[in-house]
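Okay, structure first, notes after.
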Amino acid sequence: MSNRTTTAASERVAPLGAMGGSSLRVPLTLVAVAIVVVVGAVAPTRFAGDFVLRLANEGLLLGMLALSVAFLMNQAGLVALGAASIYGGSGLLFAIAMNDWNLPPAWALCAAFLIIVVYATVLGALIVRTNPLAFMMLTLAAGEMISHAVMLEALRDYTGGADGLVVSFKGTVFGMEAADFASPARFWVVMWVAAWLSGLALWAVGRSRLGAILRAVRENEERMRFSGFDTYLPRLIAYVLVNIVAAVAGLLHVLNAGFVSPESLGISVSTNSLVAALMGGIAGSVGPLLGGVIFSFAQDEFGARGLTQLLTGIAIVVFIVVFPRGVVGGLSSMAWLRKLAFGGRRETS
Amino acid sequence: MIALLIANSLALASLLIMLASGLALIYGLRDVINFGHGAIYMLGAYLGYTVSLVGGFWLALIVVPILLALLGIAFEYLALRPLQGRSHIEVALVTLGLGIILGQVIIFFYGGVARSVDAPQILSGSVTVLNLSYPVYRIFLIVMGLGSCALLALWLRYTSSGLYVRAVSQDPSVARMMGINADRLSLLVTSLSTAFAGVAGVLAGPYLSIDPGMDVTMIVNCLIIVVIGGTGSIGGAIVAALLFGFMQVAGSVFLPNIAALVPYILLMIVLLVAPRGIGRGRVLN
């Protein structure tokens, strides 16, 4: 075990077992979390109007995308600019599976999900072995590839081209009808639970052995290889994992909106989720989700004046320049304060 | 037929070479991929449109690169230099953000409609070479592209500043130890790179349409070329641009249904066969 205590592994805040310390703290935390989950699921549907709920739903959808971007950035040091192709792609596949393959909704959902996961795996197998900068370029290129493919004349009958596709289904998915998904209040409960589950799942992975290996590879891939670790597979698993979260978000989006547009595959969705991740902070699960919600409300405030994209660009620059320790590579508030206090030279990365 | 195909792909490759070699130059010195390069190219195209309306195409071809070289100097002083100590990924993200800002500012001023520029009188029409009629403007494009490519190669190979650039690109720390001022070089290279983007933008006017989506299209094409060529290798970028241009043009002739996907297929194949690209770029980490 001793050879596995790399810098990153020892940097972990606390092993999972030591979290409670005393036997009382764990149940208390759990109870607190449970209360937040239940209240969060029920309270907004009572007090908030449909408009606010709709914005919040969109925010959590974007938050799930931001979560996937942030996890990969924080744990693996990889920036993915192709979240949109998974998000829009899964929704589009769901629509195609129902319209053209005549699958029942639940099966269509599974088929779309499986195809997207296979796609993400194949793409990941090709691109995670490159360096982080090339990875960033390649995810951007792959995203553009999908959005071009959707617009192809030959595939127009399937994808609907620039018009997009209407998604209407009869019967139930997970015991809910189409009208239930379309209702902001009922969808909020689904969305809230999905956001929590994906947040918890990624948080747990981050604290697991896989997370430790990922961070160690992020710090120094060569050293990890010399130490006898496979550096390829963990990154591939992480890439597939975050794309699963993005795919779930995409499917939920289509179930809610009842429509899939080619814009949901566009590059702006990817940059929006990046901004949401930077805004909320990439360490942890709550930040990105919160960032998504903030983005959604901010977009409502400024989007009418056509400023969304401009503000997205400004936000990327500001959030990266303002965090002196660097957003990629783990943001710890202590180091940030120390840097402010002493103004010392930044450690080389 | 084949000659026409090659000529067309050379014309497209000329633009791509100017942009991709600019990217590779900055990358070599700063280890940064400038994701805003597409927006700078777009700015070049729109400025070219305006200047062409006022003073004609030839004036645009001189004025716009100078303006963009100034922009490159500002980019160097205000973005690249202050962020020198930050991780390359972060700087790349900042350039992405700056590119989005620039693109939006351009759209704000020019609106969302496509524009077109007419080629000057001398360059319009077509000429017959070897029984083939071919547009003069594309020949001009090829001459400009290959000419700038040759100038770049001569500069890198035979001048002392070119030698320094190659040295820093090969090994930054050793080059600095030998007393090369990388900051001053970077200023030169960045302004050169944006000036090239300006030339490409002006040249693109009469050849392609000027529209608000041109920045994303071009940056994605250039990134594909840079990856195929081996990140940071200028020679690789040039070869990759030629290959890319040929595939794109041949794709639109032989596989019109999936022509838009051909570059990506090329990229995937190269990644499968040679993950580091075809050139001998500096292995980075």
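Ligands are numbered from 1 in the order shown, residues from 1 within each chain, and chains are lettered A, B, ... in the order they appear in the structure tokens.
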
Do you have, as CSV, the list of residues of chain A lying at most 7 Å from chain B, each with its nearest atom pair and that distance in Å to one decimal, counting only C-alpha atoms and ordered by chain then number?
```
residue,atom,partner,partner_atom,distance
A:Leu126,CA,B:Leu271,CA,6.7
A:Thr130,CA,B:Pro275,CA,6.9
A:Asn131,CA,B:Asn285,CA,6.4
A:Leu133,CA,B:Ile89,CA,6.2
A:Ala134,CA,B:Val227,CA,6.9
A:Met137,CA,B:Leu223,CA,6.1
A:Ala141,CA,B:Val220,CA,5.8
A:Met145,CA,B:Tyr264,CA,6.3
A:His148,CA,B:Ala260,CA,6.6
A:Ala149,CA,B:Leu261,CA,6.7
A:Leu152,CA,B:Ile258,CA,7.0
A:Glu153,CA,B:Asn257,CA,6.9
A:Ala154,CA,B:Asn257,CA,6.1
A:Gln309,CA,B:Gln104,CA,6.9
A:Leu310,CA,B:Ile101,CA,5.2
A:Gly313,CA,B:Gly97,CA,4.1
A:Ile314,CA,B:Gly97,CA,6.3
A:Ile316,CA,B:Gly97,CA,5.2
A:Val317,CA,B:Val94,CA,4.9
A:Ile320,CA,B:Glu90,CA,6.7
A:Gly326,CA,B:Arg86,CA,6.9
A:Val328,CA,B:Glu90,CA,7.0
A:Ser349,CA,B:Ser87,CA,5.9
```

Please write the residues from the selection above to a file, keeping all heavy atoms, as a short mmCIF file (atom, residue, chain, number, x, y, z; two decimals), in the first residue's frame.
```cif
data_model
loop_
_atom_site.label_atom_id
_atom_site.label_comp_id
_atom_site.auth_asym_id
_atom_site.auth_seq_id
_atom_site.Cartn_x
_atom_site.Cartn_y
_atom_site.Cartn_z
N LEU A 126 -10.52 6.86 -28.14
CA LEU A 126 -9.64 7.52 -29.10
C LEU A 126 -8.93 8.73 -28.49
O LEU A 126 -7.77 8.99 -28.79
CB LEU A 126 -10.44 7.98 -30.31
CG LEU A 126 -10.64 7.00 -31.44
CD1 LEU A 126 -11.57 7.59 -32.48
CD2 LEU A 126 -9.30 6.66 -32.08
N THR A 130 -4.60 11.30 -25.46
CA THR A 130 -3.85 12.48 -25.87
C THR A 130 -3.61 13.39 -24.65
O THR A 130 -4.15 13.14 -23.57
CB THR A 130 -4.63 13.28 -26.92
OG1 THR A 130 -5.90 13.59 -26.36
CG2 THR A 130 -4.82 12.49 -28.18
N ASN A 131 -2.81 14.44 -24.86
CA ASN A 131 -2.56 15.34 -23.73
C ASN A 131 -3.77 16.24 -23.52
O ASN A 131 -4.64 16.37 -24.39
CB ASN A 131 -1.29 16.14 -23.99
CG ASN A 131 -1.46 17.06 -25.17
OD1 ASN A 131 -2.21 18.01 -25.13
ND2 ASN A 131 -0.77 16.74 -26.25
N LEU A 133 -4.41 19.40 -23.62
CA LEU A 133 -4.71 20.45 -24.60
C LEU A 133 -5.34 19.85 -25.86
O LEU A 133 -6.33 20.36 -26.39
CB LEU A 133 -3.43 21.19 -24.94
CG LEU A 133 -3.58 22.63 -25.37
CD1 LEU A 133 -4.41 23.40 -24.37
CD2 LEU A 133 -2.23 23.28 -25.51
N ALA A 134 -4.75 18.75 -26.33
CA ALA A 134 -5.30 18.09 -27.51
C ALA A 134 -6.68 17.54 -27.20
O ALA A 134 -7.58 17.57 -28.04
CB ALA A 134 -4.38 16.97 -27.97
N MET A 137 -9.15 20.23 -27.69
CA MET A 137 -9.41 20.52 -29.10
C MET A 137 -10.27 19.41 -29.71
O MET A 137 -11.17 19.67 -30.51
CB MET A 137 -8.09 20.60 -29.87
CG MET A 137 -7.15 21.63 -29.33
SD MET A 137 -5.84 21.98 -30.49
CE MET A 137 -4.58 20.86 -30.03
N ALA A 141 -13.89 19.39 -31.58
CA ALA A 141 -14.06 18.89 -32.94
C ALA A 141 -15.14 17.82 -33.00
O ALA A 141 -15.98 17.82 -33.90
CB ALA A 141 -12.74 18.34 -33.48
N MET A 145 -18.57 17.76 -35.08
CA MET A 145 -18.85 16.66 -36.00
C MET A 145 -20.31 16.21 -35.84
O MET A 145 -21.03 16.05 -36.84
CB MET A 145 -17.91 15.49 -35.72
CG MET A 145 -18.28 14.21 -36.45
SD MET A 145 -17.07 12.91 -36.21
CE MET A 145 -17.53 12.32 -34.58
N HIS A 148 -22.72 18.76 -37.17
CA HIS A 148 -22.75 18.73 -38.64
C HIS A 148 -23.51 17.51 -39.14
O HIS A 148 -24.27 17.59 -40.09
CB HIS A 148 -21.33 18.70 -39.21
CG HIS A 148 -20.67 20.04 -39.26
ND1 HIS A 148 -21.22 21.09 -39.93
CD2 HIS A 148 -19.53 20.49 -38.70
CE1 HIS A 148 -20.44 22.14 -39.79
NE2 HIS A 148 -19.41 21.81 -39.04
N ALA A 149 -23.28 16.37 -38.47
CA ALA A 149 -23.91 15.13 -38.92
C ALA A 149 -25.43 15.25 -38.86
O ALA A 149 -26.14 14.77 -39.74
CB ALA A 149 -23.43 13.96 -38.07
N LEU A 152 -26.94 16.94 -41.84
CA LEU A 152 -26.72 16.36 -43.17
C LEU A 152 -28.04 16.15 -43.90
O LEU A 152 -29.02 15.70 -43.31
CB LEU A 152 -26.02 15.00 -43.04
CG LEU A 152 -24.51 15.00 -42.78
CD1 LEU A 152 -24.00 13.58 -42.78
CD2 LEU A 152 -23.80 15.82 -43.82
N GLU A 153 -28.01 16.46 -45.18
CA GLU A 153 -29.22 16.33 -45.98
C GLU A 153 -29.72 14.87 -45.99
O GLU A 153 -30.91 14.60 -45.93
CB GLU A 153 -28.90 16.80 -47.42
CG GLU A 153 -30.09 17.28 -48.20
CD GLU A 153 -30.88 18.37 -47.50
OE1 GLU A 153 -30.26 19.30 -46.93
OE2 GLU A 153 -32.12 18.27 -47.49
N ALA A 154 -28.76 13.95 -46.04
CA ALA A 154 -29.11 12.53 -46.16
C ALA A 154 -29.82 12.02 -44.90
O ALA A 154 -30.58 11.06 -44.96
CB ALA A 154 -27.86 11.71 -46.42
N GLN A 309 -24.39 35.20 -25.03
CA GLN A 309 -23.12 34.69 -25.51
C GLN A 309 -21.95 35.58 -25.10
O GLN A 309 -20.90 35.11 -24.69
CB GLN A 309 -23.14 34.55 -27.04
CG GLN A 309 -23.84 33.32 -27.52
CD GLN A 309 -23.30 32.07 -26.88
OE1 GLN A 309 -23.80 31.60 -25.86
NE2 GLN A 309 -22.25 31.51 -27.44
N LEU A 310 -22.19 36.90 -25.21
CA LEU A 310 -21.14 37.85 -24.82
C LEU A 310 -20.78 37.66 -23.35
O LEU A 310 -19.60 37.57 -22.99
CB LEU A 310 -21.63 39.27 -25.06
CG LEU A 310 -20.63 40.37 -24.75
CD1 LEU A 310 -19.45 40.28 -25.70
CD2 LEU A 310 -21.27 41.75 -24.86
N GLY A 313 -18.70 34.59 -22.69
CA GLY A 313 -17.28 34.80 -22.95
C GLY A 313 -16.62 35.56 -21.83
O GLY A 313 -15.55 35.18 -21.34
N ILE A 314 -17.28 36.64 -21.40
CA ILE A 314 -16.71 37.44 -20.32
C ILE A 314 -16.57 36.59 -19.05
O ILE A 314 -15.56 36.65 -18.36
CB ILE A 314 -17.58 38.69 -20.06
CG1 ILE A 314 -17.54 39.61 -21.28
CG2 ILE A 314 -17.12 39.43 -18.82
CD1 ILE A 314 -18.47 40.78 -21.21
N ILE A 316 -16.13 33.37 -18.75
CA ILE A 316 -15.00 32.43 -18.83
C ILE A 316 -13.72 33.15 -18.46
O ILE A 316 -12.94 32.70 -17.61
CB ILE A 316 -14.89 31.83 -20.25
CG1 ILE A 316 -16.08 30.93 -20.55
CG2 ILE A 316 -13.60 31.02 -20.37
CD1 ILE A 316 -16.06 30.36 -21.95
N VAL A 317 -13.50 34.32 -19.09
CA VAL A 317 -12.26 35.05 -18.84
C VAL A 317 -12.16 35.46 -17.38
O VAL A 317 -11.16 35.19 -16.70
CB VAL A 317 -12.19 36.30 -19.75
CG1 VAL A 317 -10.95 37.12 -19.41
CG2 VAL A 317 -12.16 35.89 -21.20
N ILE A 320 -11.65 32.60 -14.75
CA ILE A 320 -10.33 31.97 -14.76
C ILE A 320 -9.26 32.93 -14.28
O ILE A 320 -8.37 32.58 -13.53
CB ILE A 320 -10.01 31.43 -16.16
CG1 ILE A 320 -10.88 30.21 -16.39
CG2 ILE A 320 -8.55 31.03 -16.26
CD1 ILE A 320 -10.73 29.60 -17.72
N GLY A 326 -5.78 29.01 -9.88
CA GLY A 326 -6.16 28.22 -11.04
C GLY A 326 -7.38 27.40 -10.74
O GLY A 326 -7.49 26.79 -9.69
N VAL A 328 -8.54 24.91 -12.79
CA VAL A 328 -8.16 23.53 -13.06
C VAL A 328 -7.07 23.16 -12.07
O VAL A 328 -6.16 23.92 -11.83
CB VAL A 328 -7.62 23.37 -14.49
CG1 VAL A 328 -7.28 21.92 -14.77
CG2 VAL A 328 -8.62 23.89 -15.48
N SER A 349 2.90 24.58 -12.56
CA SER A 349 1.92 23.52 -12.73
C SER A 349 2.45 22.51 -13.71
O SER A 349 3.26 22.82 -14.56
CB SER A 349 0.62 24.10 -13.26
OG SER A 349 0.89 24.93 -14.34
#
```

Excluding same-chain residues fewer than 6 positions from Phe109 of chain B, what lies within 12 Å of it counting only C-alpha atoms, as a list in words?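 Those residues are Leu43, Tyr46, Leu47, Thr50, Leu102, Gly103 and Pro212 of chain B.
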
Grab the residues selected above and save them as a PDB file, in the first residue's frame with all heavy atoms.
```pdb
ATOM      1  N   LEU B  43     -12.653  38.637 -37.595  1.00  0.00           N
ATOM      2  CA  LEU B  43     -12.460  40.087 -37.528  1.00  0.00           C
ATOM      3  C   LEU B  43     -11.742  40.567 -38.779  1.00  0.00           C
ATOM      4  O   LEU B  43     -12.113  41.590 -39.368  1.00  0.00           O
ATOM      5  CB  LEU B  43     -11.656  40.446 -36.272  1.00  0.00           C
ATOM      6  CG  LEU B  43     -11.368  41.929 -36.075  1.00  0.00           C
ATOM      7  CD1 LEU B  43     -12.659  42.687 -35.842  1.00  0.00           C
ATOM      8  CD2 LEU B  43     -10.410  42.158 -34.920  1.00  0.00           C
ATOM      9  N   TYR B  46     -14.283  40.710 -41.650  1.00  0.00           N
ATOM     10  CA  TYR B  46     -15.246  41.815 -41.577  1.00  0.00           C
ATOM     11  C   TYR B  46     -14.558  43.163 -41.764  1.00  0.00           C
ATOM     12  O   TYR B  46     -15.093  44.049 -42.441  1.00  0.00           O
ATOM     13  CB  TYR B  46     -16.010  41.779 -40.248  1.00  0.00           C
ATOM     14  CG  TYR B  46     -17.219  40.878 -40.307  1.00  0.00           C
ATOM     15  CD1 TYR B  46     -17.173  39.580 -39.823  1.00  0.00           C
ATOM     16  CD2 TYR B  46     -18.402  41.317 -40.885  1.00  0.00           C
ATOM     17  CE1 TYR B  46     -18.271  38.741 -39.884  1.00  0.00           C
ATOM     18  CE2 TYR B  46     -19.510  40.494 -40.959  1.00  0.00           C
ATOM     19  CZ  TYR B  46     -19.439  39.207 -40.460  1.00  0.00           C
ATOM     20  OH  TYR B  46     -20.526  38.382 -40.535  1.00  0.00           O
ATOM     21  N   LEU B  47     -13.362  43.313 -41.158  1.00  0.00           N
ATOM     22  CA  LEU B  47     -12.621  44.558 -41.383  1.00  0.00           C
ATOM     23  C   LEU B  47     -12.274  44.681 -42.862  1.00  0.00           C
ATOM     24  O   LEU B  47     -12.354  45.774 -43.444  1.00  0.00           O
ATOM     25  CB  LEU B  47     -11.347  44.577 -40.536  1.00  0.00           C
ATOM     26  CG  LEU B  47     -11.513  44.899 -39.050  1.00  0.00           C
ATOM     27  CD1 LEU B  47     -10.160  44.887 -38.365  1.00  0.00           C
ATOM     28  CD2 LEU B  47     -12.191  46.238 -38.858  1.00  0.00           C
ATOM     29  N   THR B  50     -15.189  46.039 -44.676  1.00  0.00           N
ATOM     30  CA  THR B  50     -15.376  47.487 -44.500  1.00  0.00           C
ATOM     31  C   THR B  50     -14.342  48.285 -45.292  1.00  0.00           C
ATOM     32  O   THR B  50     -14.687  49.220 -46.025  1.00  0.00           O
ATOM     33  CB  THR B  50     -15.263  47.845 -43.011  1.00  0.00           C
ATOM     34  OG1 THR B  50     -16.224  47.085 -42.294  1.00  0.00           O
ATOM     35  CG2 THR B  50     -15.526  49.314 -42.781  1.00  0.00           C
ATOM     36  N   LEU B 102     -14.989  38.494 -28.746  1.00  0.00           N
ATOM     37  CA  LEU B 102     -14.684  39.171 -30.010  1.00  0.00           C
ATOM     38  C   LEU B 102     -15.743  38.860 -31.068  1.00  0.00           C
ATOM     39  O   LEU B 102     -16.236  39.753 -31.760  1.00  0.00           O
ATOM     40  CB  LEU B 102     -13.289  38.746 -30.487  1.00  0.00           C
ATOM     41  CG  LEU B 102     -12.774  39.391 -31.771  1.00  0.00           C
ATOM     42  CD1 LEU B 102     -12.772  40.896 -31.642  1.00  0.00           C
ATOM     43  CD2 LEU B 102     -11.368  38.895 -32.091  1.00  0.00           C
ATOM     44  N   GLY B 103     -16.107  37.569 -31.146  1.00  0.00           N
ATOM     45  CA  GLY B 103     -17.128  37.170 -32.117  1.00  0.00           C
ATOM     46  C   GLY B 103     -18.441  37.899 -31.890  1.00  0.00           C
ATOM     47  O   GLY B 103     -19.076  38.384 -32.829  1.00  0.00           O
ATOM     48  N   PRO B 212     -21.500  35.082 -39.642  1.00  0.00           N
ATOM     49  CA  PRO B 212     -21.190  35.034 -38.205  1.00  0.00           C
ATOM     50  C   PRO B 212     -20.708  33.667 -37.714  1.00  0.00           C
ATOM     51  O   PRO B 212     -20.155  33.578 -36.630  1.00  0.00           O
ATOM     52  CB  PRO B 212     -22.530  35.392 -37.546  1.00  0.00           C
ATOM     53  CG  PRO B 212     -23.291  36.104 -38.586  1.00  0.00           C
ATOM     54  CD  PRO B 212     -22.869  35.516 -39.889  1.00  0.00           C
TER      55      PRO B 212
END
```

What gap, in Å, lies between atom CA of Ala7 of chain B and atom CA of Ile142 of chain B?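 Calculated distance between atom CA of Ala7 of chain B and atom CA of Ile142 of chain B is 8.1 Å.
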
Which neighbours of segment 175-191 of chain B fall inside 7 Å, counting only C-alpha atoms, when residues of the same chain fewer than 2 positions from it are skipped, and could you give them as a PyMOL selection string? chain B and resi 25-26+29+69-70+72-73+76+164-165+167-168+171-173+193-195

Set the distance at 12 Å and use only C-alpha atoms: which residues neighbour Asp300 of chain A once local chain neighbours fewer than 2 positions away are removed? I'd like the list as a list in words.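 Residues meeting the cut-off are Phe51, Val52, Arg54, Leu55, Ala56, Glu58, Gly59, Val293, Ile294, Phe295, Ser296, Phe297, Ala298, Phe302, Gly303, Ala304, Arg305, Gly306, Leu307 and Thr308 of chain A.
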
One decimal, in Å: what's the spacing between atom CA of Leu252 of chain A and atom CA of Gly175 of chain A? 14.3 Å

Could you write out, as an MDAnalysis selection string, all the residues of segment 122-261 of chain B that DSSP marks as alpha helix (DSSP H)? chainID B and resid 136:158 160:170 172:177 182:207 214:229 234:254

Can you check which residues of segment 49-204 of chain B DSSP gives as strand (DSSP E) on the backbone and send them as a ChimeraX atom specification? /B:126-129,132-135

Between atom CA of Leu12 of chain B and atom CA of Leu123 of chain A, what is the spacing in Å?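 Result for atom CA of Leu123 of chain A versus atom CA of Leu12 of chain B: 28.0 Å, one decimal.
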
Using only C-alpha atoms: which of A:Phe229, A:Phe259, A:Phe47, A:Phe71 has the shortest distance to Gly206 of chain A: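 Nearest to Gly206 of chain A: A:Phe71.
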
Of the candidates A:Thr159, A:Thr231, A:Ser183, A:Ser168, which shows the shortest atom-to-atom distance to Arg129 of chain A, using only C-alpha atoms? A:Thr231

Quick one: everything within 12 Å of Leu114 of chain A, counting only C-alpha atoms, minus sequence neighbours fewer than 6 positions away in the same chain. Send it as JSON, numbers by chain. {"A": [86, 89, 90, 93, 94, 97, 107, 108, 120, 121, 240, 243, 244, 247, 248, 251]}

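Near Phe187 of chain A, within a cut-off of 8 Å and counting only C-alpha atoms, sit the residues Asn57, Asp180, Phe181 and Asn256 of chain A, with same-chain residues fewer than 6 positions away left out.
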
Residues of the last selection are to be written out with N, CA, C and O atoms, as a tab-separated table (two decimals), in the first residue's frame.
```
chain	number	residue	atom	x	y	z
A	57	ASN	N	-35.70	24.27	-13.39
A	57	ASN	CA	-35.51	22.97	-14.06
A	57	ASN	C	-34.40	23.06	-15.10
A	57	ASN	O	-33.52	22.21	-15.16
A	180	ASP	N	-47.04	14.70	-17.38
A	180	ASP	CA	-46.37	14.87	-16.09
A	180	ASP	C	-44.98	15.47	-16.27
A	180	ASP	O	-44.55	16.33	-15.50
A	181	PHE	N	-44.28	14.98	-17.30
A	181	PHE	CA	-42.94	15.51	-17.54
A	181	PHE	C	-43.01	16.97	-17.97
A	181	PHE	O	-42.11	17.75	-17.67
A	256	ASN	N	-38.92	16.60	-20.79
A	256	ASN	CA	-39.56	17.79	-20.27
A	256	ASN	C	-40.05	18.70	-21.41
A	256	ASN	O	-41.18	19.14	-21.43
```

Skipping near chain neighbours, those fewer than 5 positions away, what residues fall within 9 Å of Leu123 of chain B using only C-alpha atoms, listed as a VMD selection string? chain B and resid 135 to 140

Output N, CA and C atoms for every residue in that selection, as a PDB file, in the first residue's frame.
```pdb
ATOM      1  N   PRO B 135     -10.698  30.086 -62.226  1.00  0.00           N
ATOM      2  CA  PRO B 135     -10.848  31.452 -61.714  1.00  0.00           C
ATOM      3  C   PRO B 135      -9.499  32.052 -61.307  1.00  0.00           C
ATOM      4  N   VAL B 136      -9.276  33.295 -61.738  1.00  0.00           N
ATOM      5  CA  VAL B 136      -8.005  33.941 -61.433  1.00  0.00           C
ATOM      6  C   VAL B 136      -7.827  34.113 -59.932  1.00  0.00           C
ATOM      7  N   TYR B 137      -8.962  34.425 -59.269  1.00  0.00           N
ATOM      8  CA  TYR B 137      -8.834  34.725 -57.846  1.00  0.00           C
ATOM      9  C   TYR B 137      -8.260  33.547 -57.079  1.00  0.00           C
ATOM     10  N   ARG B 138      -8.669  32.332 -57.477  1.00  0.00           N
ATOM     11  CA  ARG B 138      -8.160  31.163 -56.752  1.00  0.00           C
ATOM     12  C   ARG B 138      -6.672  30.965 -56.998  1.00  0.00           C
ATOM     13  N   ILE B 139      -6.249  31.297 -58.228  1.00  0.00           N
ATOM     14  CA  ILE B 139      -4.815  31.214 -58.503  1.00  0.00           C
ATOM     15  C   ILE B 139      -4.063  32.200 -57.613  1.00  0.00           C
ATOM     16  N   PHE B 140      -4.638  33.419 -57.506  1.00  0.00           N
ATOM     17  CA  PHE B 140      -4.058  34.429 -56.642  1.00  0.00           C
ATOM     18  C   PHE B 140      -3.963  33.919 -55.200  1.00  0.00           C
TER      19      PHE B 140
END
```

With only C-alpha atoms as the basis for distance, which of A:Ala95, A:Ala125, A:Ile35, A:Ala76 is at the shortest distance from Arg215 of chain A?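 Result for the nearest residue to Arg215 of chain A: A:Ala76.
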
Counting only C-alpha atoms, the option among B:Ser209, B:Asn34, B:Ser233, B:Thr128 closest to Ala197 of chain B: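 Using only C-alpha atoms, the shortest distance to Ala197 of chain B belongs to B:Asn34.
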
Between A:Ser285, A:Gln75, A:Thr45, A:Asn99, single out the one closest to Leu200 of chain A, counting only C-alpha atoms.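 When distances to Leu200 of chain A are compared using only C-alpha atoms, the smallest one comes from A:Ser285.
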